[in-house]
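Visitor: So here's entry-v9.cif, just mmCIF, C-alpha atoms:
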```
data_start
#
loop_
_atom_site.label_atom_id
_atom_site.label_comp_id
_atom_site.auth_asym_id
_atom_site.auth_seq_id
_atom_site.Cartn_x
_atom_site.Cartn_y
_atom_site.Cartn_z
CA MET O 1484 0.00 0.00 0.00
CA ASN O 1485 1.48 3.36 -0.97
CA ILE O 1486 -0.46 5.32 1.69
CA VAL O 1487 0.76 4.98 5.28
CA GLU O 1488 -1.79 5.93 7.94
CA GLU O 1489 -0.74 6.38 11.55
CA LYS O 1490 -3.19 7.13 14.34
CA ARG O 1491 -1.82 8.08 17.74
CA GLY O 1492 -5.04 9.47 19.11
CA TRP O 1493 -8.40 10.98 18.31
CA ASN O 1494 -8.43 14.56 17.03
CA PRO O 1495 -11.94 16.08 16.88
CA THR O 1496 -10.58 19.29 15.34
CA TYR O 1497 -9.77 17.75 11.95
CA ASP O 1498 -11.17 15.32 9.40
CA VAL O 1499 -8.56 13.62 7.19
CA GLY O 1500 -8.91 11.37 4.14
CA ALA O 1501 -6.58 10.04 1.46
CA SER O 1502 -6.85 8.25 -1.88
CA SER O 1503 -4.43 7.02 -4.52
CA ILE O 1504 -4.86 5.34 -7.90
CA LEU O 1505 -2.45 3.71 -10.29
CA GLY O 1506 -4.04 5.41 -13.29
CA THR O 1507 -3.07 3.79 -16.57
CA ARG O 1508 0.50 3.22 -15.40
CA LYS O 1509 1.86 -0.25 -14.70
CA TYR O 1510 3.64 0.86 -11.55
CA GLN O 1511 3.04 3.18 -8.59
CA GLN O 1512 5.52 6.01 -7.98
CA ASP O 1513 3.34 8.07 -5.62
CA ALA O 1514 3.55 7.66 -1.86
CA ALA O 1515 1.70 9.36 0.97
CA TYR O 1516 1.64 9.47 4.74
CA TYR O 1517 -0.57 11.05 7.33
CA CYS O 1518 -0.43 10.93 11.10
CA ILE O 1519 -3.34 11.83 13.36
CA ASP O 1520 -2.41 12.76 16.92
CA SER O 1521 -4.65 14.12 19.63
CA ASP O 1522 -3.22 17.61 19.13
CA GLN O 1523 -1.47 17.51 15.75
CA ILE O 1524 -1.83 16.32 12.14
CA LEU O 1525 0.99 15.70 9.67
CA ALA O 1526 0.34 14.92 6.00
CA VAL O 1527 2.84 14.22 3.20
CA VAL O 1528 2.61 13.39 -0.53
CA CYS O 1529 5.59 12.41 -2.69
CA ASP O 1530 5.59 11.78 -6.45
CA GLY O 1531 8.62 9.75 -7.55
CA MET O 1532 10.39 9.81 -10.88
CA GLY O 1533 13.02 7.61 -12.44
CA GLY O 1534 11.28 4.58 -13.89
CA LEU O 1535 9.73 1.56 -12.20
CA GLU O 1536 12.38 0.95 -9.56
CA GLY O 1537 13.71 4.48 -9.23
CA GLY O 1538 10.54 6.50 -8.76
CA GLU O 1539 8.91 4.03 -6.39
CA ARG O 1540 12.02 3.70 -4.24
CA ALA O 1541 12.57 7.46 -4.19
CA SER O 1542 9.07 8.34 -2.97
CA GLN O 1543 8.95 5.48 -0.46
CA THR O 1544 12.41 6.37 0.89
CA ALA O 1545 11.43 10.01 1.33
CA ILE O 1546 8.23 9.06 3.15
CA GLN O 1547 10.04 6.63 5.45
CA GLN O 1548 12.65 9.26 6.27
CA MET O 1549 9.89 11.72 7.18
CA ILE O 1550 8.11 9.15 9.36
CA GLN O 1551 11.31 8.22 11.18
CA ASP O 1552 12.31 11.82 11.85
CA PHE O 1553 8.80 12.91 12.83
CA ARG O 1554 8.58 10.17 15.44
CA ARG O 1555 11.93 11.22 16.90
CA ARG O 1556 11.36 14.97 16.63
CA SER O 1557 12.04 17.05 19.70
CA GLY O 1558 8.99 18.92 20.92
CA ASN O 1559 11.17 22.00 21.33
CA LEU O 1560 11.89 22.24 17.59
CA PRO O 1561 9.43 24.60 15.85
CA MET O 1562 7.45 22.77 13.19
CA SER O 1563 8.46 25.27 10.50
CA ASP O 1564 12.12 24.47 11.22
CA PHE O 1565 11.44 20.75 11.25
CA LEU O 1566 9.73 20.79 7.84
CA THR O 1567 12.38 22.89 6.09
CA GLY O 1568 15.18 20.91 7.75
CA GLU O 1569 13.54 17.67 6.70
CA VAL O 1570 13.95 18.65 3.04
CA GLY O 1571 17.71 18.25 3.37
CA ARG O 1572 17.47 14.93 5.21
CA MET O 1573 15.02 13.48 2.71
CA ASP O 1574 17.12 14.77 -0.19
CA GLN O 1575 20.21 13.00 1.16
CA ALA O 1576 18.29 9.76 1.75
CA VAL O 1577 17.02 9.69 -1.84
CA THR O 1578 20.40 10.74 -3.27
CA ALA O 1579 22.06 7.84 -1.40
CA LEU O 1580 19.92 5.19 -3.14
CA ARG O 1581 21.88 2.64 -5.20
CA ASN O 1582 20.92 0.14 -7.88
CA GLU O 1583 21.79 -3.57 -7.90
CA ARG O 1584 25.24 -2.74 -9.29
CA GLY O 1585 25.97 -0.34 -6.47
CA LYS O 1586 25.75 2.74 -8.65
CA ALA O 1587 23.72 5.83 -7.87
CA LEU O 1588 20.09 5.18 -8.69
CA GLY O 1589 19.61 8.67 -10.09
CA ALA O 1590 15.98 8.87 -9.01
CA GLY O 1591 14.03 11.70 -7.44
CA THR O 1592 10.73 12.71 -5.93
CA THR O 1593 8.61 15.77 -5.33
CA LEU O 1594 7.37 16.70 -1.86
CA VAL O 1595 4.42 18.48 -0.32
CA ALA O 1596 3.95 18.29 3.44
CA ALA O 1597 1.78 20.13 5.94
CA SER O 1598 1.49 20.18 9.71
CA PHE O 1599 -1.66 21.23 11.58
CA GLN O 1600 -1.97 22.14 15.24
CA GLY O 1601 -4.93 24.01 16.67
CA ASP O 1602 -5.94 26.46 13.96
CA GLN O 1603 -2.42 26.85 12.57
CA MET O 1604 -0.82 25.24 9.54
CA TYR O 1605 2.80 25.04 8.37
CA TRP O 1606 3.72 23.64 4.96
CA VAL O 1607 6.70 22.95 2.70
CA SER O 1608 7.02 21.93 -0.97
CA VAL O 1609 9.68 20.90 -3.46
CA GLY O 1610 8.90 20.09 -7.09
CA ASP O 1611 5.53 20.22 -8.82
CA SER O 1612 3.11 18.54 -6.43
CA MET O 1613 0.51 20.98 -5.15
CA ILE O 1614 -1.07 22.34 -1.96
CA TYR O 1615 -4.52 23.94 -2.29
CA LEU O 1616 -6.44 25.90 0.32
CA ILE O 1617 -10.22 25.84 -0.04
CA ARG O 1618 -12.06 28.51 1.92
CA GLY O 1619 -15.75 29.00 1.29
CA ASP O 1620 -16.32 29.26 -2.45
CA ARG O 1621 -12.68 29.99 -3.25
CA ILE O 1622 -9.65 27.79 -3.92
CA ARG O 1623 -6.03 28.86 -4.31
CA SER O 1624 -2.64 27.16 -4.53
CA LEU O 1625 -0.22 27.93 -1.70
CA ASN O 1626 2.91 26.87 -3.56
CA VAL O 1627 4.32 27.09 -7.09
CA GLU O 1628 5.59 24.46 -9.51
CA HIS O 1629 9.37 24.27 -9.52
CA ASN O 1630 9.85 23.72 -13.23
CA TYR O 1631 11.59 25.34 -16.19
CA ARG O 1632 8.52 27.55 -16.75
CA LEU O 1633 9.25 29.17 -13.38
CA LEU O 1634 12.78 30.02 -14.55
CA LEU O 1635 11.36 31.47 -17.75
CA LYS O 1636 8.97 33.64 -15.73
CA GLN O 1637 11.84 34.91 -13.59
CA ARG O 1638 13.82 35.76 -16.72
CA LEU O 1639 10.82 37.51 -18.23
CA ASP O 1640 10.29 39.58 -15.08
CA ALA O 1641 13.98 40.50 -15.04
CA GLY O 1642 13.84 41.63 -18.68
CA VAL O 1643 16.30 38.94 -19.82
CA ILE O 1644 13.86 37.44 -22.35
CA SER O 1645 10.93 38.90 -24.26
CA ARG O 1646 7.28 37.96 -23.91
CA GLU O 1647 7.51 36.26 -27.31
CA GLU O 1648 10.43 34.12 -26.14
CA PHE O 1649 8.60 33.29 -22.91
CA ASP O 1650 5.45 32.22 -24.73
CA ARG O 1651 7.38 30.12 -27.24
CA GLU O 1652 9.45 28.28 -24.61
CA SER O 1653 6.48 27.84 -22.25
CA ALA O 1654 4.63 25.94 -24.96
CA THR O 1655 7.34 23.26 -25.23
CA PRO O 1656 7.40 20.00 -23.22
CA GLN O 1657 10.65 21.20 -21.65
CA ALA O 1658 8.70 23.84 -19.71
CA ASP O 1659 7.41 21.15 -17.35
CA ALA O 1660 10.91 19.82 -16.55
CA LEU O 1661 11.61 19.99 -12.81
CA ILE O 1662 14.36 22.29 -11.58
CA SER O 1663 14.05 21.26 -7.93
CA PHE O 1664 13.30 17.87 -6.36
CA LEU O 1665 14.48 15.53 -3.63
CA GLY O 1666 17.40 13.42 -4.84
CA MET O 1667 19.34 16.09 -6.73
CA ASN O 1668 21.83 16.27 -3.82
CA HIS O 1669 21.15 19.96 -3.30
CA VAL O 1670 17.59 21.19 -3.47
CA GLN O 1671 17.43 24.35 -5.54
CA TYR O 1672 14.00 25.71 -4.63
CA ILE O 1673 11.93 25.26 -1.47
CA ASP O 1674 8.54 26.84 -0.79
CA SER O 1675 7.43 27.14 2.83
CA ASN O 1676 5.75 29.47 5.30
CA ARG O 1677 7.64 30.76 8.30
CA THR O 1678 4.55 32.45 9.72
CA PRO O 1679 1.73 29.97 10.40
CA LEU O 1680 -1.34 30.07 8.21
CA LYS O 1681 -4.38 30.64 10.43
CA LEU O 1682 -7.23 28.37 9.42
CA GLU O 1683 -10.93 29.07 9.66
CA PRO O 1684 -13.59 26.44 10.45
CA GLY O 1685 -14.56 24.65 7.25
CA ASP O 1686 -11.22 25.24 5.51
CA ILE O 1687 -10.00 22.29 3.43
CA VAL O 1688 -6.36 21.72 2.52
CA VAL O 1689 -5.58 19.44 -0.44
CA LEU O 1690 -2.13 17.91 -0.91
CA CYS O 1691 -1.84 16.17 -4.28
CA SER O 1692 0.46 14.86 -6.97
CA ASP O 1693 0.29 16.32 -10.48
CA GLY O 1694 -2.12 13.58 -11.57
CA ILE O 1695 -4.84 15.73 -9.97
CA TYR O 1696 -4.23 19.18 -11.39
CA LYS O 1697 -3.15 17.98 -14.82
CA SER O 1698 -6.54 16.26 -15.14
CA LEU O 1699 -8.82 18.62 -13.21
CA ASN O 1700 -9.09 22.38 -13.02
CA GLU O 1701 -9.36 24.21 -9.70
CA SER O 1702 -13.15 24.47 -9.92
CA GLN O 1703 -13.42 20.69 -10.24
CA VAL O 1704 -11.06 20.14 -7.31
CA TRP O 1705 -13.18 22.53 -5.23
CA ALA O 1706 -16.41 20.78 -6.24
CA MET O 1707 -15.19 17.29 -5.32
CA ALA O 1708 -13.74 18.43 -1.99
CA THR O 1709 -16.84 20.34 -0.87
CA ASP O 1710 -19.68 18.35 -2.47
CA ASN O 1711 -22.58 17.74 -0.07
CA ASP O 1712 -20.39 18.28 3.00
CA ILE O 1713 -19.01 14.75 2.63
CA ASP O 1714 -16.23 13.42 4.83
CA MET O 1715 -12.70 13.73 3.57
CA ALA O 1716 -12.15 10.01 2.91
CA ILE O 1717 -15.06 9.97 0.46
CA ALA O 1718 -14.00 13.33 -1.00
CA ALA O 1719 -10.48 12.03 -1.65
CA ASP O 1720 -11.84 8.95 -3.45
CA ARG O 1721 -14.16 11.08 -5.56
CA LEU O 1722 -11.29 13.39 -6.45
CA THR O 1723 -9.04 10.60 -7.76
CA ASP O 1724 -11.99 8.90 -9.49
CA MET O 1725 -12.87 12.12 -11.29
CA ALA O 1726 -9.25 12.60 -12.34
CA MET O 1727 -9.35 9.12 -13.88
CA ASP O 1728 -12.66 9.83 -15.63
CA ARG O 1729 -11.47 13.17 -17.02
CA ARG O 1730 -8.08 12.02 -18.27
CA VAL O 1731 -7.21 13.35 -21.71
CA ARG O 1732 -4.75 10.59 -22.59
CA GLY O 1733 -3.01 8.25 -20.18
CA GLN O 1734 -3.62 8.93 -16.49
CA ASP O 1735 -0.57 9.33 -14.27
CA ASN O 1736 -0.43 7.94 -10.73
CA THR O 1737 -2.74 10.19 -8.76
CA THR O 1738 -2.71 10.80 -5.00
CA ALA O 1739 -4.55 13.23 -2.75
CA VAL O 1740 -4.68 13.83 1.00
CA LEU O 1741 -7.49 16.11 2.21
CA ILE O 1742 -7.56 17.78 5.61
CA ARG O 1743 -10.59 19.74 6.82
CA TYR O 1744 -10.40 22.02 9.84
CA LEU O 1745 -13.60 21.60 11.83
CA GLY O 1746 -12.88 24.28 14.41
CA LYS O 1747 -12.15 24.07 18.09
CA GLN O 1748 -14.53 21.84 20.03
CA GLU O 1749 -15.64 23.97 22.97
CA ASP O 1750 -18.46 22.18 24.78
CA GLY O 1751 -18.32 18.55 25.82
CA ARG O 1752 -14.92 17.90 24.32
CA ASP O 1753 -13.65 15.97 27.35
CA ASP O 1754 -16.81 13.86 27.43
CA LEU O 1755 -16.47 13.10 23.71
CA LEU O 1756 -12.84 12.09 24.20
CA LYS O 1757 -13.77 9.73 27.04
CA LEU O 1758 -16.60 8.24 24.97
CA HIS O 1759 -14.29 7.68 22.01
CA GLU O 1760 -11.63 6.03 24.16
CA ASN O 1761 -14.18 3.66 25.69
CA VAL O 1762 -15.63 2.50 22.35
#
```
As structure tokens, what does this structure read like?

Guide:
Amino acid sequence: MNIVEEKRGWNPTYDVGASSILGTRKYQQDAAYYCIDSDQILAVVCDGMGGLEGGERASQTAIQQMIQDFRRRSGNLPMSDFLTGEVGRMDQAVTALRNERGKALGAGTTLVAASFQGDQMYWVSVGDSMIYLIRGDRIRSLNVEHNYRLLLKQRLDAGVISREEFDRESATPQADALISFLGMNHVQYIDSNRTPLKLEPGDIVVLCSDGIYKSLNESQVWAMATDNDIDMAIAADRLTDMAMDRRVRGQDNTTAVLIRYLGKQEDGRDDLLKLHENV
């Protein structure tokens, strides 16, 4: 199973769900992890690249490194520091992978990860997997895709290339080539927030591999996540199913983890906790 679920306690503040499909591929290069604690949530999605063995090993290695370090994390280390520091540790773990001949595997993986505590969220991303925030009738991406198109945009803004050159290069397949990922032995670009994002009750955060947003537009992602106030496990399944249904050609591996902030439970929280523990 490419989704690892860890439950350390009951958290009435959040609802979490995850789903992953193989698509039309013969192998699974996506991996995901989420941990539910009584006072904290951690969610991670990795999308590997490098062929059958390489991509799968890269994403699984990154996830396992995150799990290991999260379990051993000191409570005194701010979560923002942990997430950004973890990028380097995961990068080294993936870079160190070897093939059966003992040579560098040369594989890589993207990363999106988010931590939730109370009404605050910290996140980090490397590569082209995505983090969406859904609030009311609006959806927006919190991170950017670290690909050649981003470099082109920077060059356009700096006046190094013309709009015509930007448009021409952006239309080529090369524009989607990653310029930052885990496994390159020195991550070039990292997106993160040093100041926590304050969540509002009803907010939904979507962590997903590119199989989602290359098949669905933001309106469709919003609709599947919010439809009929369903729980996040069902919403995640509907999201990956819709991506499969709407595929233009072949469907890539597709993974999504959805986290909904329910708001602080004021009245009867202790009684609900006791009831849950006794079930």

Visitor: Mind running region 1673-1741 of chain O against region 1514-1533 of chain O at 12 Å and telling me each contacting residue's nearest atom pair with the distance in Å (one decimal), counting all atoms listed in the file, chain and number ascending, as a tab-separated table?

Guide:
```
residue	atom	partner	partner_atom	distance
O:Val1688	CA	O:Ala1526	CA	10.2
O:Val1689	CA	O:Ala1526	CA	9.8
O:Leu1690	CA	O:Val1528	CA	6.6
O:Cys1691	CA	O:Val1528	CA	6.4
O:Ser1692	CA	O:Asp1530	CA	6.0
O:Asp1693	CA	O:Asp1530	CA	8.1
O:Gly1694	CA	O:Asp1530	CA	9.4
O:Ile1695	CA	O:Asp1530	CA	11.7
O:Asp1735	CA	O:Asp1530	CA	10.3
O:Asn1736	CA	O:Asp1530	CA	8.3
O:Thr1737	CA	O:Asp1530	CA	8.8
O:Thr1738	CA	O:Val1528	CA	7.4
O:Ala1739	CA	O:Val1528	CA	7.5
O:Val1740	CA	O:Ala1526	CA	7.2
O:Leu1741	CA	O:Ala1526	CA	8.8
```

Visitor: Please determine, counting only C-alpha atoms, which residue among O:Asn1626, O:Gln1637, O:Thr1578, O:Gln1703 has the shortest atom-to-atom distance to Met1667 (chain O).

Guide: O:Thr1578

Visitor: Hey, what's within 10 Å of Gln1671 (chain O) if we count all atoms listed in the file and toss same-chain stuff fewer than 3 positions away? As a ChimeraX atom specification, please?

Guide: /O:1609-1610,1629,1662-1665,1667-1668

Visitor: List the residues matched by the PyMOL selection byres ((chain O and resi 1551-1565) around 12) in the displayed structure as number ranges by chain, ordered by chain and then by residue number.

Guide: O: 1489, 1491, 1516-1518, 1520, 1523-1527, 1544-1550, 1566-1573, 1576, 1596-1600, 1603-1607, 1674-1680

Visitor: Which residues are close to Gln1511 (chain O), i.e. within 9 Å by all atoms listed in the file, leaving aside same-chain residues fewer than 3 positions away? Reply as a list of chain:residue names.

Guide: O:Asn1485, O:Ile1504, O:Leu1505, O:Gly1506, O:Arg1508, O:Ala1514, O:Gly1531, O:Leu1535, O:Gly1538, O:Glu1539, O:Asn1736

Visitor: Please compute the CA of Leu1633 (chain O)-CA of Thr1593 (chain O) distance, one decimal, in Å.

Guide: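 It comes out at 15.6 Å.
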
Visitor: Expanded to explicit residues, what is the PyMOL selection byres ((chain O and resi 1721-1727) around 7) for this file, as a PyMOL selection string?

Guide: chain O and resi 1502-1504+1506+1695+1698-1699+1704+1707+1717-1720+1728-1730+1734+1737-1738

Visitor: Report as a PyMOL selection string all protein, DNA and RNA residues lying within 9 Å of Glu1652 (chain O), evaluated on all atoms listed in the file, omitting residues in the same chain fewer than 5 positions from it.

Guide: chain O and resi 1632+1635+1647+1657-1658

Visitor: Just how far from CA of Ala1541 (chain O) is CA of Ile1486 (chain O), in Å to one decimal?

Guide: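 Going from CA of Ile1486 (chain O) over to CA of Ala1541 (chain O), I get 14.5 Å.
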
Visitor: Rounded to one decimal, what separation in Å do you get between CA of Gln1575 (chain O) and CA of Ser1608 (chain O)?

Guide: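 So the two atoms, CA of Gln1575 (chain O) and CA of Ser1608 (chain O), lie 16.1 Å apart.
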
Visitor: Kindly provide, as a ChimeraX atom specification, the polymer residues lying within 10 Å of (-7.6, 24.9, 16.4), counting only C-alpha atoms and using the coordinates exactly as they appear in the file.

Guide: /O:1495-1497,1522-1523,1599-1604,1681-1684,1744-1748

Visitor: Return the single residue from O:Asp1659, O:Asp1686, O:Asp1498, O:Glu1583 that is closest to Asp1620 (chain O), with distances computed using all atoms listed in the file.

Guide: O:Asp1686

Visitor: Starting from the shown file, work through the PyMOL selection byres ((chain O and resi 1621) around 12) and note down what comes out as a PyMOL selection string.

Guide: chain O and resi 1615-1620+1622-1624+1685-1688+1701-1706+1708-1709
